[in-house]
Amino acid sequence: MGVRCHVMKVESFEDEEVAELLNDSFVSVKVDREERPDVDKVYMTFVQALYGGGGWPLSVFISPDLKPLMGGTYFPPDDKYGRPGFKTILRKVKDAWFSKRDTLVKSGAFAIEQLSEALSASASSKKLPDELSQNALHLCAEQLSQSYDSRYGGFGSAPKFPRPVEIQLMLYHSKKLDDAGNYSESKKGLQMVFFTLQCMARGGIHDHIGGGFHRYSVDERWHVPHFEKMLYDQGQLVNVYLDAFSITNDVFYSSLSHDILDYLRRDMIGPEGEIFSAEDADSAEREDAKKKKEGAFYIWTSQEIDDLLGEHATLFKDHYYVKPLGNCDLSRMSDPQDEFKGKNVLIELTDTSAQAKKYGLPLEKYLDILGECRQKLFDARSRGPRPHLDDKVIVSWNGLAISSLARASKILMGEAEGTKYNFPVVGCDPKEYMTAAEKAASFIRRHLYNEQAHRLEHSFRNGPSKAPGFLDDYAFLISGLLDLYEVGGGIHWLVWATELQNKQDELFLDREGGGYFNTPGEDPSVLLRVKEDHDGAEPSGNSVSAINLIRLASMMTGSKSEYYRQNAEHLLAVFESRLKDMAMAVPLMCCAADMISVPSHKQVVLVGHKSSLEFDKMLAAAHASYDPNRTVIHIDPTDNEEMEIWEDNNSNIALMARNNFAADKVVALVCQNFTCSPAVSDPKSLKALLLKKPS
């Protein structure tokens, strides 16, 4: 729950007078926007169109036939600062309903009609103009670079959200520049990304004690966060830290990936492998406290740290900028209400090597001491009241987490042997991440997928919810399954991804106008079907779908490949003006627009028995370098079922497998533009092949 949602809940919805006004004249309906994003979208769009801005909490007044009449976001309980309070609004809406009902209802119906037209845009052609495919990427990178905060990292000003799609775009763009030989510009983009990832990791938005990241920081320094932890942030952030590790081979980034995944495995995974949605921001300060407080679980007094850490307290407090009067003083935005007076949100402001020197310690010993201290604080806070766990299982967010777990299982094999971790990173055999990814996917298949109808449900809590799967559920899960397959998962994950893609096309695709609607359109009570494109805290279903289609097209041949490619081209054409005029709003779609203009994707084909350690090492080598335009296919020619699937979808792969199989080794071929490299059979040679610059 956001800060203002929490405030309004306490100020208005726990107030007797407000309750009386509501119960007297209204039927109150509380909607969980995570459970029903389709319903939220209708009324949020109405409020944004009417008042030029939106956000949560969202308060909307609707007629009995569900047409919106008026609405807004946060209202204080009483009139304040020239703004009407919630009680005044309730009285005025009641009066208007009885005195001008017809006008209200007509204007609500008209607004929905207008929005419906505006938000179901159709493409004027079947594909983007060629120059826009590549220009959108440069345009977006340019706009992001202009908004870059060179002092504290990130793009834009406070409040600062980790918006991983921005990082993805900058990494993709830098790779393009590097491939084209424009090394200095490429390096500039990478430096922005790496500095941002470092500032976030060192800031208070990162939970230094338990791992994982909070929702956003209220100040420009990534220091004081809104303390909620969301699964969609964790999944996407793991992926960008993994990408940074692939590029730099710097253990700083790989350990952050471990940090987030170890947090998920410890606190967010259910008994059958399902991954929960979120942890609240607020909790009770003590077991006997009546009220919950924002961040109570995560903040510390200087005295608490002294009591818990004894001889190492000074070192720890120095490292994390802990002060007796509290440390939320780095920015005037950090704590304007003095909510955290006397409290400390841990942040690293000093260089770790310099700190180790200051205390006369070898760096490794210094890091060990910090790890032991964090473990003690973790144990202490675990004994107190925890924030509420939202144990809903949402398919789309699980898709994002499946992707990051799967990719981590191979990319983190690139860490040097004997890499040392400190708490909260526990580290593990990367295979365990693969197991977690497969368990989460299996949970969805078992509990949220109808095998006969090939349809997904949206979420699960004590059983599936009544909401059907939405576009994001299909798109994000397909993306996760493609990653699961590419890092070595069974062919059945790829087959399921293609089944889901077929069903997605049936339910959401606008075959005439191009692109995907956000809902199946079967529920008359949901008044709008929208083609969403905004890549915000989560990417849009259309951006992810475009990339899924491009990936599927590069795996298949013939009419299947052509079908996927045409759908991707048509989809991107729908959003032509967005890509041209507001590229920064759609970073992931800009990447997709460039991907489709790449004449031929790089294909890595691994041939051999899959149960061997050699196979795992070759897969890790195939994924070691950063390249979003690479597809990895693995095939065992002695597996008849697998051979049959490839005969049906891409007979070239089956032929390659037959011609290159050797019983005693794993063979890799790297193919592009219809030509393949000579076969290699050791990880080092494969890595070198994949690092070769395009001619």
# chains A, B, ... in the order shown; residues from 1 in each chain; ligands from 1
call {"tool": "residues_around", "arguments": {"residues": "Val27 of chain A", "least_positions_apart": "4", "cutoff": "10 Å", "atoms": "only C-alpha atoms", "output": "PyMOL selection string"}}
result
chain A and resi 22-23+61-62+64
call {"tool": "select_by_dssp", "arguments": {"residues": "segment 438-582 of chain A", "states": "strand (DSSP E)", "output": "ChimeraX atom specification"}}
result
/A:449-450,455-456,459-460
call {"tool": "write_last_selection", "arguments": {"atoms": "C-alpha atoms", "output": "CSV table (one decimal), in the first residue's frame"}}
result
chain,number,residue,atom,x,y,z
A,449,TYR,CA,-4.0,-23.1,-15.9
A,450,ASN,CA,-6.9,-25.0,-17.4
A,455,ARG,CA,-6.4,-20.6,-20.3
A,456,LEU,CA,-4.7,-18.9,-17.3
A,459,SER,CA,-4.1,-15.0,-9.2
A,460,PHE,CA,-4.3,-17.5,-6.4
call {"tool": "residues_around", "arguments": {"residues": "Lys560 of chain A", "least_positions_apart": "4", "cutoff": "12 Å", "atoms": "only C-alpha atoms", "output": "compact mmCIF listing (two decimals) with N, CA, C and O atoms, in the first residue's frame"}}
result
# COMPACT_ATOMS: atom_id res chain seq x y z
N THR A 498 4.49 -21.73 -26.42
CA THR A 498 3.82 -21.55 -27.72
C THR A 498 2.31 -21.76 -27.60
O THR A 498 1.53 -21.06 -28.25
N GLN A 501 1.00 -18.60 -26.19
CA GLN A 501 1.03 -17.54 -27.19
C GLN A 501 -0.18 -17.66 -28.13
O GLN A 501 -0.82 -16.67 -28.47
N ASN A 502 -0.50 -18.89 -28.51
CA ASN A 502 -1.69 -19.11 -29.36
C ASN A 502 -2.96 -18.63 -28.66
O ASN A 502 -3.82 -17.98 -29.25
N LEU A 549 7.33 -12.43 -29.30
CA LEU A 549 7.05 -12.81 -30.69
C LEU A 549 8.34 -12.84 -31.52
O LEU A 549 8.55 -13.74 -32.34
N ILE A 550 9.21 -11.87 -31.28
CA ILE A 550 10.49 -11.82 -32.01
C ILE A 550 11.34 -13.03 -31.63
O ILE A 550 11.98 -13.66 -32.48
N LEU A 552 10.25 -15.97 -30.48
CA LEU A 552 9.64 -17.18 -31.04
C LEU A 552 9.92 -17.27 -32.54
O LEU A 552 10.22 -18.34 -33.06
N ALA A 553 9.83 -16.11 -33.22
CA ALA A 553 10.09 -16.10 -34.67
C ALA A 553 11.52 -16.55 -34.96
O ALA A 553 11.77 -17.22 -35.97
N SER A 554 12.45 -16.20 -34.07
CA SER A 554 13.86 -16.56 -34.33
C SER A 554 14.14 -18.03 -34.01
O SER A 554 15.17 -18.56 -34.41
N MET A 555 13.23 -18.68 -33.30
CA MET A 555 13.42 -20.11 -33.00
C MET A 555 12.80 -21.01 -34.06
O MET A 555 13.21 -22.14 -34.25
N MET A 556 11.76 -20.49 -34.71
CA MET A 556 11.00 -21.30 -35.68
C MET A 556 11.43 -20.95 -37.11
O MET A 556 12.14 -19.98 -37.34
N TYR A 564 4.58 -15.13 -36.33
CA TYR A 564 5.02 -14.40 -35.13
C TYR A 564 5.61 -13.04 -35.51
O TYR A 564 5.33 -12.03 -34.89
N ARG A 565 6.41 -13.06 -36.55
CA ARG A 565 7.09 -11.82 -36.96
C ARG A 565 6.08 -10.76 -37.42
O ARG A 565 6.18 -9.58 -37.06
N GLN A 566 5.11 -11.20 -38.21
CA GLN A 566 4.11 -10.24 -38.71
C GLN A 566 3.29 -9.64 -37.56
O GLN A 566 2.98 -8.45 -37.56
N ASN A 567 2.94 -10.48 -36.58
CA ASN A 567 2.19 -9.97 -35.42
C ASN A 567 3.01 -8.94 -34.64
O ASN A 567 2.48 -7.94 -34.16
N ASP A 648 8.91 -30.43 -36.50
CA ASP A 648 7.67 -29.69 -36.77
C ASP A 648 7.89 -28.18 -36.87
O ASP A 648 7.20 -27.49 -37.62
N ASN A 649 8.81 -27.66 -36.04
CA ASN A 649 8.92 -26.20 -35.90
C ASN A 649 10.12 -25.58 -36.61
O ASN A 649 10.08 -24.43 -37.01
N ASN A 650 11.21 -26.35 -36.70
CA ASN A 650 12.41 -25.83 -37.35
C ASN A 650 13.30 -27.02 -37.70
O ASN A 650 14.18 -27.42 -36.94
call {"tool": "residues_around", "arguments": {"residues": "Tyr474 of chain A", "least_positions_apart": "6", "cutoff": "10 Å", "atoms": "only C-alpha atoms", "output": "PyMOL selection string"}}
result
chain A and resi 395-396+399+455-458+480+497+500-501+503-505+508+541+544-545
call {"tool": "select_by_dssp", "arguments": {"residues": "segment 180-318 of chain A", "states": "alpha helix (DSSP H)", "output": "number ranges by chain"}}
result
A: 183-202, 231-248, 251-263, 302-309, 313-318
call {"tool": "closest_residue", "arguments": {"among": "A:Lys100, A:Gly608, A:Ser525, A:Ile633", "to": "Tyr485 of chain A", "atoms": "only C-alpha atoms"}}
result
A:Ile633
call {"tool": "residues_around", "arguments": {"residues": "Ser612 of chain A", "least_positions_apart": "6", "cutoff": "12 Å", "atoms": "only C-alpha atoms", "output": "PyMOL selection string"}}
result
chain A and resi 488+618-619+636+663-666
call {"tool": "write_last_selection", "arguments": {"atoms": "N, CA and C atoms", "output": "short mmCIF file (atom, residue, chain, number, x, y, z; two decimals), in the first residue's frame"}}
result
data_model
loop_
_atom_site.label_atom_id
_atom_site.label_comp_id
_atom_site.auth_asym_id
_atom_site.auth_seq_id
_atom_site.Cartn_x
_atom_site.Cartn_y
_atom_site.Cartn_z
N GLY A 488 18.23 -24.09 -20.24
CA GLY A 488 18.41 -25.53 -20.06
C GLY A 488 17.20 -26.29 -19.55
N MET A 618 28.52 -25.69 -20.83
CA MET A 618 28.35 -25.11 -22.18
C MET A 618 27.16 -24.14 -22.20
N LEU A 619 26.09 -24.50 -21.48
CA LEU A 619 24.94 -23.59 -21.38
C LEU A 619 25.35 -22.29 -20.70
N ASP A 636 18.94 -32.83 -27.76
CA ASP A 636 19.58 -34.16 -27.64
C ASP A 636 18.97 -35.05 -28.72
N ALA A 663 28.59 -38.75 -29.01
CA ALA A 663 28.11 -39.36 -27.75
C ALA A 663 28.92 -38.90 -26.54
N ASP A 664 30.20 -38.54 -26.75
CA ASP A 664 31.07 -38.29 -25.60
C ASP A 664 31.30 -36.81 -25.31
N LYS A 665 30.64 -35.91 -26.06
CA LYS A 665 30.86 -34.48 -25.78
C LYS A 665 29.64 -33.65 -26.18
N VAL A 666 29.66 -32.38 -25.74
CA VAL A 666 28.59 -31.44 -26.10
C VAL A 666 29.17 -30.50 -27.16
#
call {"tool": "residues_around", "arguments": {"residues": "Pro225 of chain A", "least_positions_apart": "6", "cutoff": "10 Å", "atoms": "only C-alpha atoms", "output": "PDB file with N, CA, C and O atoms, in the first residue's frame"}}
result
ATOM      1  N   PRO A 159      10.265  11.733  -6.209  1.00  0.00           N
ATOM      2  CA  PRO A 159      10.630  10.428  -5.652  1.00  0.00           C
ATOM      3  C   PRO A 159      11.269   9.544  -6.724  1.00  0.00           C
ATOM      4  O   PRO A 159      10.890   9.602  -7.887  1.00  0.00           O
ATOM      5  N   LYS A 160      12.244   8.734  -6.312  1.00  0.00           N
ATOM      6  CA  LYS A 160      12.983   7.914  -7.271  1.00  0.00           C
ATOM      7  C   LYS A 160      12.532   6.468  -7.222  1.00  0.00           C
ATOM      8  O   LYS A 160      12.642   5.808  -6.187  1.00  0.00           O
ATOM      9  N   PHE A 161      12.038   6.015  -8.366  1.00  0.00           N
ATOM     10  CA  PHE A 161      11.601   4.624  -8.507  1.00  0.00           C
ATOM     11  C   PHE A 161      12.680   3.846  -9.260  1.00  0.00           C
ATOM     12  O   PHE A 161      13.232   4.356 -10.226  1.00  0.00           O
ATOM     13  N   GLY A 203      22.026   2.562  -1.184  1.00  0.00           N
ATOM     14  CA  GLY A 203      21.012   3.415  -0.556  1.00  0.00           C
ATOM     15  C   GLY A 203      20.097   2.663   0.399  1.00  0.00           C
ATOM     16  O   GLY A 203      20.143   1.443   0.533  1.00  0.00           O
ATOM     17  N   GLY A 204      19.224   3.439   1.043  1.00  0.00           N
ATOM     18  CA  GLY A 204      18.262   2.855   1.982  1.00  0.00           C
ATOM     19  C   GLY A 204      17.116   2.148   1.292  1.00  0.00           C
ATOM     20  O   GLY A 204      16.344   1.426   1.924  1.00  0.00           O
ATOM     21  N   ILE A 205      16.999   2.346  -0.034  1.00  0.00           N
ATOM     22  CA  ILE A 205      15.962   1.627  -0.793  1.00  0.00           C
ATOM     23  C   ILE A 205      16.273   0.128  -0.822  1.00  0.00           C
ATOM     24  O   ILE A 205      15.403  -0.705  -1.023  1.00  0.00           O
ATOM     25  N   HIS A 206      17.543  -0.203  -0.594  1.00  0.00           N
ATOM     26  CA  HIS A 206      17.987  -1.601  -0.510  1.00  0.00           C
ATOM     27  C   HIS A 206      17.932  -2.021   0.952  1.00  0.00           C
ATOM     28  O   HIS A 206      18.425  -1.314   1.828  1.00  0.00           O
ATOM     29  N   ASP A 207      17.320  -3.141   1.227  1.00  0.00           N
ATOM     30  CA  ASP A 207      17.268  -3.664   2.597  1.00  0.00           C
ATOM     31  C   ASP A 207      18.593  -4.372   2.886  1.00  0.00           C
ATOM     32  O   ASP A 207      18.780  -5.535   2.560  1.00  0.00           O
ATOM     33  N   PHE A 213      14.718  -5.144  -2.404  1.00  0.00           N
ATOM     34  CA  PHE A 213      14.578  -3.698  -2.542  1.00  0.00           C
ATOM     35  C   PHE A 213      13.171  -3.239  -2.177  1.00  0.00           C
ATOM     36  O   PHE A 213      12.185  -3.928  -2.455  1.00  0.00           O
ATOM     37  N   HIS A 214      13.114  -2.043  -1.581  1.00  0.00           N
ATOM     38  CA  HIS A 214      11.831  -1.402  -1.284  1.00  0.00           C
ATOM     39  C   HIS A 214      11.306  -0.730  -2.551  1.00  0.00           C
ATOM     40  O   HIS A 214      11.989  -0.656  -3.566  1.00  0.00           O
ATOM     41  N   ARG A 215      10.085  -0.197  -2.434  1.00  0.00           N
ATOM     42  CA  ARG A 215       9.344   0.278  -3.603  1.00  0.00           C
ATOM     43  C   ARG A 215       9.997   1.490  -4.304  1.00  0.00           C
ATOM     44  O   ARG A 215      10.193   1.496  -5.489  1.00  0.00           O
ATOM     45  N   TYR A 216      10.280   2.554  -3.563  1.00  0.00           N
ATOM     46  CA  TYR A 216      10.920   3.741  -4.144  1.00  0.00           C
ATOM     47  C   TYR A 216      11.482   4.578  -3.007  1.00  0.00           C
ATOM     48  O   TYR A 216      11.158   4.346  -1.839  1.00  0.00           O
ATOM     49  N   SER A 217      12.335   5.568  -3.334  1.00  0.00           N
ATOM     50  CA  SER A 217      12.816   6.455  -2.271  1.00  0.00           C
ATOM     51  C   SER A 217      12.130   7.806  -2.411  1.00  0.00           C
ATOM     52  O   SER A 217      11.905   8.281  -3.529  1.00  0.00           O
ATOM     53  N   VAL A 218      11.821   8.415  -1.270  1.00  0.00           N
ATOM     54  CA  VAL A 218      11.090   9.687  -1.294  1.00  0.00           C
ATOM     55  C   VAL A 218      12.031  10.844  -1.605  1.00  0.00           C
ATOM     56  O   VAL A 218      11.593  11.926  -1.982  1.00  0.00           O
ATOM     57  N   ASP A 219      13.349  10.610  -1.449  1.00  0.00           N
ATOM     58  CA  ASP A 219      14.332  11.663  -1.700  1.00  0.00           C
ATOM     59  C   ASP A 219      15.165  11.328  -2.927  1.00  0.00           C
ATOM     60  O   ASP A 219      15.067  10.243  -3.497  1.00  0.00           O
ATOM     61  N   ALA A 281       4.565  -2.021   3.987  1.00  0.00           N
ATOM     62  CA  ALA A 281       5.560  -1.050   4.455  1.00  0.00           C
ATOM     63  C   ALA A 281       5.524  -0.908   5.968  1.00  0.00           C
ATOM     64  O   ALA A 281       6.535  -0.634   6.604  1.00  0.00           O
ATOM     65  N   GLU A 294       4.951   3.062   9.457  1.00  0.00           N
ATOM     66  CA  GLU A 294       5.750   2.906   8.239  1.00  0.00           C
ATOM     67  C   GLU A 294       7.204   2.605   8.606  1.00  0.00           C
ATOM     68  O   GLU A 294       7.824   3.314   9.393  1.00  0.00           O
ATOM     69  N   GLY A 295       7.735   1.528   8.047  1.00  0.00           N
ATOM     70  CA  GLY A 295       9.173   1.245   8.175  1.00  0.00           C
ATOM     71  C   GLY A 295       9.627   0.722   9.523  1.00  0.00           C
ATOM     72  O   GLY A 295      10.830   0.502   9.719  1.00  0.00           O
ATOM     73  N   SER A 334      13.690  13.844   2.701  1.00  0.00           N
ATOM     74  CA  SER A 334      13.795  12.526   3.336  1.00  0.00           C
ATOM     75  C   SER A 334      12.728  12.293   4.406  1.00  0.00           C
ATOM     76  O   SER A 334      12.164  11.218   4.498  1.00  0.00           O
ATOM     77  N   VAL A 345      17.823   4.966   8.829  1.00  0.00           N
ATOM     78  CA  VAL A 345      17.654   4.087   7.667  1.00  0.00           C
ATOM     79  C   VAL A 345      19.065   3.845   7.133  1.00  0.00           C
ATOM     80  O   VAL A 345      19.752   4.792   6.738  1.00  0.00           O
TER      81      VAL A 345
END
call {"tool": "closest_residue", "arguments": {"among": "A:Ile260, A:Ile275, A:Ala123, A:Ile299", "to": "Lys439 of chain A", "atoms": "only C-alpha atoms"}}
result
A:Ile275
call {"tool": "closest_residue", "arguments": {"among": "A:Ala356, A:Val598, A:Val586, A:Val29", "to": "Ala141 of chain A", "atoms": "only C-alpha atoms"}}
result
A:Val586
call {"tool": "residues_around", "arguments": {"residues": "His601 of chain A", "least_positions_apart": "5", "cutoff": "9 Å", "atoms": "only C-alpha atoms", "output": "PyMOL selection string"}}
result
chain A and resi 551+554+595+629-631+671-673
call {"tool": "write_last_selection", "arguments": {"atoms": "N, CA and C atoms", "output": "short mmCIF file (atom, residue, chain, number, x, y, z; two decimals), in the first residue's frame"}}
result
data_model
loop_
_atom_site.label_atom_id
_atom_site.label_comp_id
_atom_site.auth_asym_id
_atom_site.auth_seq_id
_atom_site.Cartn_x
_atom_site.Cartn_y
_atom_site.Cartn_z
N ARG A 551 11.33 -13.37 -30.34
CA ARG A 551 12.12 -14.54 -29.88
C ARG A 551 11.57 -15.83 -30.49
N SER A 554 12.45 -16.20 -34.07
CA SER A 554 13.86 -16.56 -34.33
C SER A 554 14.14 -18.03 -34.01
N MET A 595 15.00 -4.58 -32.11
CA MET A 595 15.19 -6.03 -32.27
C MET A 595 14.62 -6.53 -33.59
N ASN A 629 20.02 -10.04 -28.36
CA ASN A 629 19.59 -10.57 -29.66
C ASN A 629 20.16 -11.96 -29.94
N ARG A 630 20.32 -12.73 -28.88
CA ARG A 630 20.84 -14.09 -29.03
C ARG A 630 19.76 -15.08 -28.58
N THR A 631 19.65 -16.17 -29.29
CA THR A 631 18.72 -17.25 -28.92
C THR A 631 19.53 -18.50 -28.66
N CYS A 671 25.17 -19.67 -35.13
CA CYS A 671 24.68 -19.41 -36.49
C CYS A 671 24.10 -18.01 -36.60
N GLN A 672 24.35 -17.39 -37.74
CA GLN A 672 23.77 -16.08 -38.04
C GLN A 672 23.79 -15.88 -39.55
N ASN A 673 22.76 -15.19 -40.05
CA ASN A 673 22.67 -14.96 -41.50
C ASN A 673 22.84 -16.24 -42.32
#
call {"tool": "atom_distance", "arguments": {"atom1": "atom CA of Asp535 of chain A", "atom2": "atom CA of Asp594 of chain A"}}
result
15.9 Å
call {"tool": "closest_residue", "arguments": {"among": "A:Ala453, A:Ala621, A:Leu261, A:Leu90", "to": "Ser25 of chain A", "atoms": "only C-alpha atoms"}}
result
A:Leu90
